[in-house]
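K.L.:
Next comes the structure file work.txt, holding compact mmCIF, C-alpha atoms.
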# COMPACT_ATOMS: atom_id res chain seq x y z
CA MET A 1 57.58 -41.00 19.68
CA ARG A 2 55.93 -38.52 17.33
CA ILE A 3 55.52 -35.06 18.89
CA LEU A 4 53.29 -32.23 17.69
CA CYS A 5 54.29 -28.74 18.88
CA THR A 6 52.18 -25.59 18.82
CA ASN A 7 51.84 -22.29 20.69
CA ASP A 8 49.74 -19.13 20.87
CA ASP A 9 52.48 -16.50 20.47
CA GLY A 10 52.86 -17.23 16.76
CA VAL A 11 55.06 -19.26 14.47
CA HIS A 12 58.01 -16.86 14.79
CA ALA A 13 57.95 -16.63 18.61
CA PRO A 14 61.22 -17.54 20.38
CA GLY A 15 59.34 -19.79 22.80
CA LEU A 16 58.30 -22.05 19.92
CA LYS A 17 61.96 -22.75 19.18
CA VAL A 18 62.40 -23.59 22.86
CA VAL A 19 59.53 -26.09 22.91
CA GLU A 20 60.89 -27.67 19.74
CA GLU A 21 64.27 -28.09 21.41
CA ILE A 22 62.57 -29.66 24.44
CA ALA A 23 60.71 -32.01 22.10
CA ARG A 24 63.93 -32.99 20.32
CA ALA A 25 65.41 -34.02 23.66
CA LEU A 26 62.72 -36.73 23.65
CA SER A 27 62.43 -37.65 19.97
CA ASP A 28 63.68 -36.87 16.48
CA ASP A 29 60.14 -37.11 15.04
CA VAL A 30 59.00 -33.56 15.82
CA TRP A 31 56.38 -31.52 13.93
CA VAL A 32 55.56 -27.84 14.42
CA VAL A 33 52.13 -26.42 13.54
CA ALA A 34 51.64 -22.93 14.95
CA PRO A 35 49.48 -19.84 14.34
CA GLU A 36 50.56 -17.47 11.60
CA LEU A 37 49.87 -14.53 13.95
CA ASP A 38 49.90 -13.93 17.70
CA GLN A 39 46.85 -15.62 19.24
CA SER A 40 47.43 -14.81 22.91
CA GLY A 41 44.23 -14.77 24.94
CA VAL A 42 42.04 -16.48 22.36
CA SER A 43 41.33 -19.33 24.79
CA HIS A 44 39.82 -22.45 23.17
CA SER A 45 38.29 -20.68 20.18
CA LEU A 46 37.75 -22.64 16.99
CA SER A 47 37.54 -21.08 13.51
CA LEU A 48 34.14 -22.04 12.09
CA ASN A 49 33.27 -18.99 9.98
CA ASP A 50 36.64 -18.37 8.30
CA PRO A 51 38.79 -20.65 6.12
CA LEU A 52 42.11 -21.88 7.46
CA ARG A 53 45.13 -20.95 5.36
CA LEU A 54 48.07 -23.33 5.65
CA ARG A 55 51.65 -22.39 4.79
CA GLU A 56 54.73 -24.62 4.96
CA VAL A 57 57.55 -22.55 6.43
CA GLY A 58 60.14 -25.33 6.56
CA PRO A 59 60.53 -29.10 6.77
CA ARG A 60 57.86 -30.32 9.23
CA HIS A 61 57.08 -26.69 10.11
CA PHE A 62 53.70 -25.19 9.23
CA ALA A 63 51.88 -21.92 9.88
CA VAL A 64 48.08 -21.81 10.11
CA ARG A 65 46.03 -18.62 9.81
CA GLY A 66 43.97 -19.62 12.83
CA THR A 67 43.98 -20.35 16.56
CA PRO A 68 46.05 -22.83 18.58
CA THR A 69 43.01 -25.13 18.64
CA ASP A 70 42.87 -24.97 14.84
CA CYS A 71 46.59 -25.77 14.68
CA VAL A 72 46.33 -28.93 16.78
CA ILE A 73 43.36 -30.16 14.76
CA MET A 74 45.13 -29.42 11.47
CA GLY A 75 48.29 -31.14 12.67
CA ALA A 76 46.64 -34.25 14.09
CA ARG A 77 43.88 -34.66 11.51
CA HIS A 78 45.48 -33.42 8.28
CA ILE A 79 49.20 -32.63 8.20
CA LEU A 80 50.50 -35.73 9.98
CA GLY A 81 48.27 -38.02 7.94
CA GLU A 82 47.49 -41.50 9.24
CA THR A 83 50.34 -41.56 11.75
CA GLN A 84 48.95 -39.66 14.72
CA PRO A 85 51.17 -37.82 17.21
CA ASP A 86 51.94 -39.55 20.49
CA LEU A 87 52.34 -36.28 22.37
CA VAL A 88 51.25 -32.63 22.08
CA LEU A 89 53.38 -29.81 23.49
CA SER A 90 51.99 -26.26 23.58
CA GLY A 91 54.32 -23.34 24.33
CA VAL A 92 56.74 -22.35 25.54
CA ASN A 93 54.58 -19.33 26.31
CA LYS A 94 56.24 -15.99 27.07
CA GLY A 95 54.70 -15.39 30.47
CA ARG A 96 53.14 -17.66 33.05
CA ASN A 97 49.75 -19.36 32.72
CA VAL A 98 48.48 -19.82 36.26
CA ALA A 99 45.32 -19.16 38.28
CA GLU A 100 42.59 -17.59 36.09
CA ASP A 101 45.07 -17.30 33.19
CA VAL A 102 44.21 -20.87 32.24
CA VAL A 103 40.70 -19.76 31.21
CA TYR A 104 42.00 -17.19 28.70
CA SER A 105 45.21 -18.85 27.54
CA GLY A 106 45.65 -20.03 23.97
CA THR A 107 48.67 -22.03 25.18
CA ILE A 108 46.48 -24.01 27.57
CA ALA A 109 43.87 -24.39 24.83
CA GLY A 110 46.34 -25.98 22.43
CA ALA A 111 47.15 -28.63 25.02
CA LEU A 112 43.47 -29.05 25.91
CA GLU A 113 42.65 -29.76 22.28
CA GLY A 114 45.31 -32.45 22.24
CA THR A 115 43.71 -33.96 25.33
CA ILE A 116 40.27 -33.85 23.69
CA LEU A 117 41.77 -35.76 20.74
CA GLY A 118 42.96 -38.43 23.18
CA LEU A 119 46.64 -37.44 23.17
CA PRO A 120 48.87 -36.85 26.23
CA SER A 121 49.33 -33.08 26.23
CA PHE A 122 51.40 -30.48 28.06
CA ALA A 123 51.17 -26.69 28.25
CA LEU A 124 54.56 -25.07 28.96
CA SER A 125 55.04 -21.45 30.07
CA GLN A 126 58.06 -19.39 31.11
CA GLU A 127 57.35 -16.73 33.71
CA PHE A 128 59.15 -13.40 33.39
CA SER A 129 59.72 -10.55 35.82
CA THR A 130 59.71 -6.82 35.20
CA GLU A 131 63.46 -7.01 34.64
CA THR A 132 63.34 -10.04 32.30
CA ARG A 133 60.24 -9.07 30.30
CA ASN A 134 62.25 -8.62 27.10
CA ALA A 135 64.58 -11.54 27.80
CA PRO A 136 62.79 -14.38 29.64
CA ALA A 137 64.94 -17.12 31.17
CA TRP A 138 64.28 -19.63 28.37
CA GLU A 139 67.24 -21.67 29.62
CA THR A 140 65.18 -22.56 32.70
CA ALA A 141 62.47 -24.17 30.55
CA LEU A 142 65.16 -25.89 28.48
CA LYS A 143 66.90 -27.34 31.52
CA PHE A 144 63.88 -28.64 33.43
CA GLY A 145 61.37 -29.30 30.65
CA PRO A 146 62.66 -32.58 29.18
CA GLU A 147 63.11 -34.38 32.50
CA ILE A 148 59.70 -33.29 33.80
CA LEU A 149 58.08 -34.54 30.60
CA ARG A 150 59.88 -37.88 30.82
CA LYS A 151 58.81 -38.45 34.41
CA VAL A 152 55.17 -37.45 33.87
CA ILE A 153 54.90 -39.56 30.70
CA ALA A 154 56.39 -42.53 32.57
CA ALA A 155 53.87 -42.05 35.38
CA GLY A 156 51.05 -41.98 32.82
CA VAL A 157 48.86 -38.99 31.94
CA PRO A 158 45.15 -39.65 32.64
CA LYS A 159 42.93 -39.62 29.58
CA ASP A 160 41.05 -36.37 30.33
CA THR A 161 43.89 -34.41 31.98
CA VAL A 162 46.25 -31.80 30.58
CA ILE A 163 49.53 -31.07 32.36
CA ASN A 164 50.19 -27.35 32.92
CA VAL A 165 53.89 -26.63 33.56
CA ASN A 166 55.14 -23.17 34.58
CA PHE A 167 58.84 -22.33 34.96
CA PRO A 168 59.83 -19.57 37.43
CA ALA A 169 61.39 -16.27 36.37
CA CYS A 170 64.93 -17.08 37.43
CA ALA A 171 68.08 -18.73 36.15
CA PRO A 172 68.21 -22.56 36.22
CA ALA A 173 70.69 -22.56 39.13
CA GLU A 174 68.22 -20.55 41.24
CA VAL A 175 65.33 -23.01 40.81
CA LEU A 176 64.71 -24.85 44.09
CA GLY A 177 62.83 -27.82 42.67
CA VAL A 178 59.53 -28.99 41.25
CA ARG A 179 56.13 -28.88 42.97
CA VAL A 180 52.85 -30.48 41.99
CA THR A 181 50.28 -27.74 42.54
CA ARG A 182 46.65 -26.79 42.18
CA GLN A 183 45.26 -23.81 40.29
CA GLY A 184 45.55 -20.62 42.34
CA LYS A 185 43.50 -17.44 42.34
CA HIS A 186 44.54 -13.89 41.42
CA ASN A 187 43.34 -10.73 43.10
CA LEU A 188 39.96 -9.67 41.76
CA GLY A 189 39.86 -6.72 39.37
CA PHE A 190 43.08 -7.35 37.44
CA LEU A 191 41.34 -6.74 34.11
CA LYS A 192 40.87 -3.14 32.98
CA VAL A 193 39.38 -1.26 30.03
CA ASP A 194 41.59 1.50 28.61
CA GLN A 195 39.64 4.09 26.59
CA ARG A 196 41.45 6.18 23.97
CA ARG A 197 40.68 8.41 20.98
CA ASP A 198 41.68 7.88 17.37
CA GLY A 199 42.82 10.59 14.93
CA ARG A 200 39.22 11.63 14.30
CA GLY A 201 38.30 11.82 17.94
CA ASN A 202 36.29 8.60 17.94
CA PRO A 203 36.63 6.40 21.03
CA TYR A 204 38.23 2.97 20.97
CA PHE A 205 39.14 0.56 23.73
CA TRP A 206 41.89 -1.83 24.81
CA ILE A 207 41.32 -4.62 27.32
CA GLY A 208 44.41 -4.95 29.47
CA PHE A 209 45.75 -6.09 32.81
CA GLU A 210 46.57 -4.11 35.92
CA ARG A 211 49.43 -5.14 38.15
CA LEU A 212 47.87 -5.21 41.61
CA ALA A 213 49.82 -5.53 44.82
CA PRO A 214 48.99 -8.89 46.44
CA THR A 215 46.61 -8.48 49.35
CA GLU A 216 47.66 -11.79 50.87
CA GLN A 217 50.09 -14.62 50.32
CA PRO A 218 48.88 -17.23 47.81
CA ALA A 219 47.89 -20.57 49.28
CA GLU A 220 50.94 -22.76 49.82
CA ASP A 221 49.98 -25.54 47.41
CA THR A 222 49.07 -23.34 44.44
CA ASP A 223 50.83 -22.57 41.17
CA LEU A 224 51.21 -18.93 42.25
CA ALA A 225 52.97 -19.89 45.48
CA ALA A 226 55.32 -22.31 43.74
CA LEU A 227 56.53 -19.73 41.22
CA ALA A 228 56.94 -17.08 43.92
CA ALA A 229 59.19 -19.50 45.81
CA ARG A 230 61.21 -20.32 42.65
CA TYR A 231 59.82 -23.78 42.08
CA VAL A 232 58.62 -25.22 38.78
CA SER A 233 54.84 -25.62 39.04
CA VAL A 234 53.20 -28.74 37.57
CA THR A 235 49.39 -28.63 37.67
CA PRO A 236 47.12 -31.37 36.29
CA LEU A 237 43.99 -29.74 34.83
CA ARG A 238 40.87 -31.78 34.07
CA LEU A 239 38.57 -31.40 31.08
CA ASP A 240 35.57 -32.23 33.27
CA ARG A 241 34.68 -28.97 35.02
CA THR A 242 31.64 -30.34 36.87
CA ASP A 243 31.34 -29.04 40.43
CA GLU A 244 30.57 -32.35 42.11
CA ALA A 245 30.02 -30.88 45.58
CA PHE A 246 27.50 -28.30 44.39
CA SER A 247 25.81 -30.82 42.11
CA ALA A 248 24.58 -32.74 45.13
CA ALA A 249 23.23 -29.61 46.78
CA LEU A 250 21.67 -28.45 43.51
CA ALA A 251 19.95 -31.77 42.96
CA SER A 252 18.42 -31.48 46.41
CA ALA A 253 17.31 -27.88 45.80
CA LEU A 254 15.69 -28.70 42.47
CA LYS A 255 13.64 -31.68 43.67
Please express the file's structure as structure tokens.

P.N.:
Amino acid sequence: MRILCTNDDGVHAPGLKVVEEIARALSDDVWVVAPELDQSGVSHSLSLNDPLRLREVGPRHFAVRGTPTDCVIMGARHILGETQPDLVLSGVNKGRNVAEDVVYSGTIAGALEGTILGLPSFALSQEFSTETRNAPAWETALKFGPEILRKVIAAGVPKDTVINVNFPACAPAEVLGVRVTRQGKHNLGFLKVDQRRDGRGNPYFWIGFERLAPTEQPAEDTDLAALAARYVSVTPLRLDRTDEAFSAALASALK
């Protein structure tokens, strides 16, 4: 099995080494094509107005001056030549990708691009807590990642579905199991705009995230609930975002 690995944290991110180790538990034909720079939050952006610079950083390891989407396209359509990958792994992201995170995440986007190219694809993310922010429990992803991948691959990944896997912020021995979940929902208002002044007094802005106290418990079958209970969350996400229920009502309203 030929495996293409990418991420959004950059080619030197520790999580990329983790996903490569997970891949090597499944195959010895592993290729890494990752962004030259941190691309967190770029979502599914594609570089159309700038050239892509490619740099070989080691055997079967490449850095692309572009987005995770660019990296998967470069890997599958150029670097690997005529022998296409059998599997795309994106991650392991430093921090969870759940609820609305999946809309912004470059990690999710790398896996989505693999799915668009017709390849079974997984997004892998390691949650961290306030205490483990600078030292996420990568060993949790390493322990549970390979077996989850084997089982999902054996079950068969649907053509237009990407598998979003999130590992809880705890040691492997503290993980209670694996749950298949649906996408949850954060509290509203978690995005904020931070205004500052530069050395000349001119304003500039940072978009950031506020940590809000939960107003209610997340729904039991969601990714948020699974991680809070120390379960690995496995969420199948579809490319087709059509709201089927509202489509029927809309068709009636527009007659």

K.L.:
Within 12 Å of Glu131 in chain A, counting only C-alpha atoms, which residues qualify if same-chain residues fewer than 6 places away don't, as a PyMOL selection string?

P.N.:
chain A and resi 137+169-170

K.L.:
To one decimal in Å, tell me the separation between CA of Arg55 in chain A and CA of Asp101 in chain A.

P.N.:
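Calculated distance between CA of Arg55 in chain A and CA of Asp101 in chain A is 29.6 Å.
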
K.L.:
I need every residue sitting at most 7 Å from the point (44.2, -29.9, 32.1) (coordinates as in the file, all atoms listed in the file considered), written as a VMD selection string.

P.N.:
chain A and resid 112 161 to 164 236 to 239

K.L.:
What are the closest atom pairs, with distances in Å to one decimal, for all residues of range 110-155 of chain A lying within 12 Å of range 173-180 of chain A? Consider all atoms listed in the file, order rows by chain and residue number, and present the result as a Markdown table.

P.N.:
| residue | atom | partner | partner_atom | distance |
| --- | --- | --- | --- | --- |
| A:Ala137 | CA | A:Glu174 | CA | 11.1 |
| A:Glu139 | CA | A:Ala173 | CA | 10.2 |
| A:Thr140 | CA | A:Val175 | CA | 8.1 |
| A:Ala141 | CA | A:Val175 | CA | 10.7 |
| A:Lys143 | CA | A:Ala173 | CA | 9.8 |
| A:Phe144 | CA | A:Val178 | CA | 9.0 |
| A:Gly145 | CA | A:Val178 | CA | 10.8 |
| A:Glu147 | CA | A:Val178 | CA | 10.9 |
| A:Ile148 | CA | A:Val178 | CA | 8.6 |
| A:Lys151 | CA | A:Val178 | CA | 11.7 |
| A:Val152 | CA | A:Val180 | CA | 10.9 |

K.L.:
Could you name the residues that touch Ser129 in chain A at 10 Å or less, counting all atoms listed in the file, but leaving out those on the same chain fewer than 3 positions away, as a count of residues only?

P.N.:
10

K.L.:
What is the distance between CA of Arg230 in chain A and CA of Glu210 in chain A, in Å to one decimal?

P.N.:
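Spanning CA of Arg230 in chain A to CA of Glu210 in chain A is a straight-line distance of 22.9 Å.
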
K.L.:
Ranking A:Asp9, A:Asp28, A:Asp194, A:Asp50 by minimum distance to Phe209 in chain A and counting all atoms listed in the file, which one comes first?

P.N.:
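Going through A:Asp9, A:Asp28, A:Asp194, A:Asp50 one by one, the smallest distance to Phe209 in chain A is for A:Asp194.
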
K.L.:
Write range 51-62 of chain A as a PDB file, in the coordinates of the input, completed to all heavy atoms.

P.N.:
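The new file out-v8.pdb reads:
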ATOM      1  N   PRO A  51      37.949 -19.540   6.603  1.00  0.00           N
ATOM      2  CA  PRO A  51      38.790 -20.650   6.120  1.00  0.00           C
ATOM      3  C   PRO A  51      40.149 -20.621   6.790  1.00  0.00           C
ATOM      4  O   PRO A  51      40.634 -19.576   7.227  1.00  0.00           O
ATOM      5  CB  PRO A  51      38.914 -20.359   4.615  1.00  0.00           C
ATOM      6  CG  PRO A  51      38.763 -18.871   4.510  1.00  0.00           C
ATOM      7  CD  PRO A  51      37.775 -18.491   5.577  1.00  0.00           C
ATOM      8  N   LEU A  52      40.766 -21.779   6.911  1.00  0.00           N
ATOM      9  CA  LEU A  52      42.110 -21.880   7.460  1.00  0.00           C
ATOM     10  C   LEU A  52      43.125 -21.911   6.321  1.00  0.00           C
ATOM     11  O   LEU A  52      43.025 -22.739   5.418  1.00  0.00           O
ATOM     12  CB  LEU A  52      42.242 -23.158   8.304  1.00  0.00           C
ATOM     13  CG  LEU A  52      41.321 -23.266   9.518  1.00  0.00           C
ATOM     14  CD1 LEU A  52      41.559 -24.596  10.233  1.00  0.00           C
ATOM     15  CD2 LEU A  52      41.532 -22.106  10.472  1.00  0.00           C
ATOM     16  N   ARG A  53      44.057 -20.995   6.364  1.00  0.00           N
ATOM     17  CA  ARG A  53      45.130 -20.950   5.360  1.00  0.00           C
ATOM     18  C   ARG A  53      46.363 -21.624   5.938  1.00  0.00           C
ATOM     19  O   ARG A  53      46.793 -21.303   7.046  1.00  0.00           O
ATOM     20  CB  ARG A  53      45.455 -19.502   4.985  1.00  0.00           C
ATOM     21  CG  ARG A  53      44.260 -18.677   4.533  1.00  0.00           C
ATOM     22  CD  ARG A  53      43.685 -19.166   3.213  1.00  0.00           C
ATOM     23  NE  ARG A  53      42.574 -18.324   2.773  1.00  0.00           N
ATOM     24  CZ  ARG A  53      41.870 -18.540   1.677  1.00  0.00           C
ATOM     25  NH1 ARG A  53      42.173 -19.562   0.884  1.00  0.00           N
ATOM     26  NH2 ARG A  53      40.871 -17.734   1.359  1.00  0.00           N
ATOM     27  N   LEU A  54      46.922 -22.554   5.197  1.00  0.00           N
ATOM     28  CA  LEU A  54      48.070 -23.330   5.650  1.00  0.00           C
ATOM     29  C   LEU A  54      49.289 -22.989   4.804  1.00  0.00           C
ATOM     30  O   LEU A  54      49.217 -22.935   3.574  1.00  0.00           O
ATOM     31  CB  LEU A  54      47.753 -24.828   5.522  1.00  0.00           C
ATOM     32  CG  LEU A  54      48.853 -25.807   5.926  1.00  0.00           C
ATOM     33  CD1 LEU A  54      49.159 -25.710   7.407  1.00  0.00           C
ATOM     34  CD2 LEU A  54      48.445 -27.238   5.550  1.00  0.00           C
ATOM     35  N   ARG A  55      50.421 -22.741   5.487  1.00  0.00           N
ATOM     36  CA  ARG A  55      51.650 -22.390   4.790  1.00  0.00           C
ATOM     37  C   ARG A  55      52.804 -23.205   5.367  1.00  0.00           C
ATOM     38  O   ARG A  55      53.003 -23.233   6.586  1.00  0.00           O
ATOM     39  CB  ARG A  55      51.929 -20.896   4.948  1.00  0.00           C
ATOM     40  CG  ARG A  55      53.156 -20.389   4.215  1.00  0.00           C
ATOM     41  CD  ARG A  55      53.181 -18.871   4.207  1.00  0.00           C
ATOM     42  NE  ARG A  55      53.337 -18.309   5.536  1.00  0.00           N
ATOM     43  CZ  ARG A  55      54.514 -17.983   6.087  1.00  0.00           C
ATOM     44  NH1 ARG A  55      55.642 -18.189   5.400  1.00  0.00           N
ATOM     45  NH2 ARG A  55      54.578 -17.452   7.287  1.00  0.00           N
ATOM     46  N   GLU A  56      53.544 -23.873   4.522  1.00  0.00           N
ATOM     47  CA  GLU A  56      54.730 -24.620   4.960  1.00  0.00           C
ATOM     48  C   GLU A  56      55.897 -23.650   5.039  1.00  0.00           C
ATOM     49  O   GLU A  56      56.288 -23.041   4.038  1.00  0.00           O
ATOM     50  CB  GLU A  56      55.042 -25.763   4.007  1.00  0.00           C
ATOM     51  CG  GLU A  56      56.149 -26.661   4.504  1.00  0.00           C
ATOM     52  CD  GLU A  56      56.312 -27.931   3.668  1.00  0.00           C
ATOM     53  OE1 GLU A  56      55.538 -28.112   2.701  1.00  0.00           O
ATOM     54  OE2 GLU A  56      57.205 -28.737   3.998  1.00  0.00           O
ATOM     55  N   VAL A  57      56.470 -23.500   6.230  1.00  0.00           N
ATOM     56  CA  VAL A  57      57.550 -22.550   6.430  1.00  0.00           C
ATOM     57  C   VAL A  57      58.911 -23.231   6.519  1.00  0.00           C
ATOM     58  O   VAL A  57      59.951 -22.567   6.613  1.00  0.00           O
ATOM     59  CB  VAL A  57      57.301 -21.693   7.693  1.00  0.00           C
ATOM     60  CG1 VAL A  57      56.072 -20.835   7.522  1.00  0.00           C
ATOM     61  CG2 VAL A  57      57.180 -22.561   8.941  1.00  0.00           C
ATOM     62  N   GLY A  58      58.909 -24.555   6.500  1.00  0.00           N
ATOM     63  CA  GLY A  58      60.140 -25.330   6.560  1.00  0.00           C
ATOM     64  C   GLY A  58      59.804 -26.798   6.675  1.00  0.00           C
ATOM     65  O   GLY A  58      58.634 -27.165   6.804  1.00  0.00           O
ATOM     66  N   PRO A  59      60.805 -27.671   6.618  1.00  0.00           N
ATOM     67  CA  PRO A  59      60.530 -29.100   6.770  1.00  0.00           C
ATOM     68  C   PRO A  59      59.851 -29.389   8.109  1.00  0.00           C
ATOM     69  O   PRO A  59      60.361 -29.041   9.171  1.00  0.00           O
ATOM     70  CB  PRO A  59      61.929 -29.735   6.707  1.00  0.00           C
ATOM     71  CG  PRO A  59      62.772 -28.730   5.985  1.00  0.00           C
ATOM     72  CD  PRO A  59      62.237 -27.399   6.387  1.00  0.00           C
ATOM     73  N   ARG A  60      58.656 -29.983   8.051  1.00  0.00           N
ATOM     74  CA  ARG A  60      57.860 -30.320   9.230  1.00  0.00           C
ATOM     75  C   ARG A  60      57.467 -29.098  10.057  1.00  0.00           C
ATOM     76  O   ARG A  60      57.147 -29.207  11.235  1.00  0.00           O
ATOM     77  CB  ARG A  60      58.602 -31.333  10.120  1.00  0.00           C
ATOM     78  CG  ARG A  60      58.872 -32.662   9.449  1.00  0.00           C
ATOM     79  CD  ARG A  60      59.474 -33.655  10.439  1.00  0.00           C
ATOM     80  NE  ARG A  60      59.755 -34.937   9.776  1.00  0.00           N
ATOM     81  CZ  ARG A  60      60.230 -36.009  10.399  1.00  0.00           C
ATOM     82  NH1 ARG A  60      60.490 -35.949  11.702  1.00  0.00           N
ATOM     83  NH2 ARG A  60      60.458 -37.133   9.750  1.00  0.00           N
ATOM     84  N   HIS A  61      57.476 -27.929   9.442  1.00  0.00           N
ATOM     85  CA  HIS A  61      57.080 -26.690  10.110  1.00  0.00           C
ATOM     86  C   HIS A  61      55.986 -26.010   9.276  1.00  0.00           C
ATOM     87  O   HIS A  61      56.195 -25.727   8.091  1.00  0.00           O
ATOM     88  CB  HIS A  61      58.274 -25.738  10.245  1.00  0.00           C
ATOM     89  CG  HIS A  61      59.272 -26.157  11.278  1.00  0.00           C
ATOM     90  ND1 HIS A  61      60.053 -27.284  11.141  1.00  0.00           N
ATOM     91  CD2 HIS A  61      59.614 -25.592  12.474  1.00  0.00           C
ATOM     92  CE1 HIS A  61      60.847 -27.386  12.201  1.00  0.00           C
ATOM     93  NE2 HIS A  61      60.590 -26.391  13.025  1.00  0.00           N
ATOM     94  N   PHE A  62      54.855 -25.750   9.928  1.00  0.00           N
ATOM     95  CA  PHE A  62      53.700 -25.190   9.230  1.00  0.00           C
ATOM     96  C   PHE A  62      53.103 -24.031  10.025  1.00  0.00           C
ATOM     97  O   PHE A  62      53.085 -24.051  11.261  1.00  0.00           O
ATOM     98  CB  PHE A  62      52.632 -26.259   9.017  1.00  0.00           C
ATOM     99  CG  PHE A  62      53.087 -27.417   8.171  1.00  0.00           C
ATOM    100  CD1 PHE A  62      53.777 -28.482   8.734  1.00  0.00           C
ATOM    101  CD2 PHE A  62      52.840 -27.439   6.803  1.00  0.00           C
ATOM    102  CE1 PHE A  62      54.203 -29.550   7.964  1.00  0.00           C
ATOM    103  CE2 PHE A  62      53.264 -28.503   6.015  1.00  0.00           C
ATOM    104  CZ  PHE A  62      53.952 -29.560   6.596  1.00  0.00           C
TER     105      PHE A  62
END
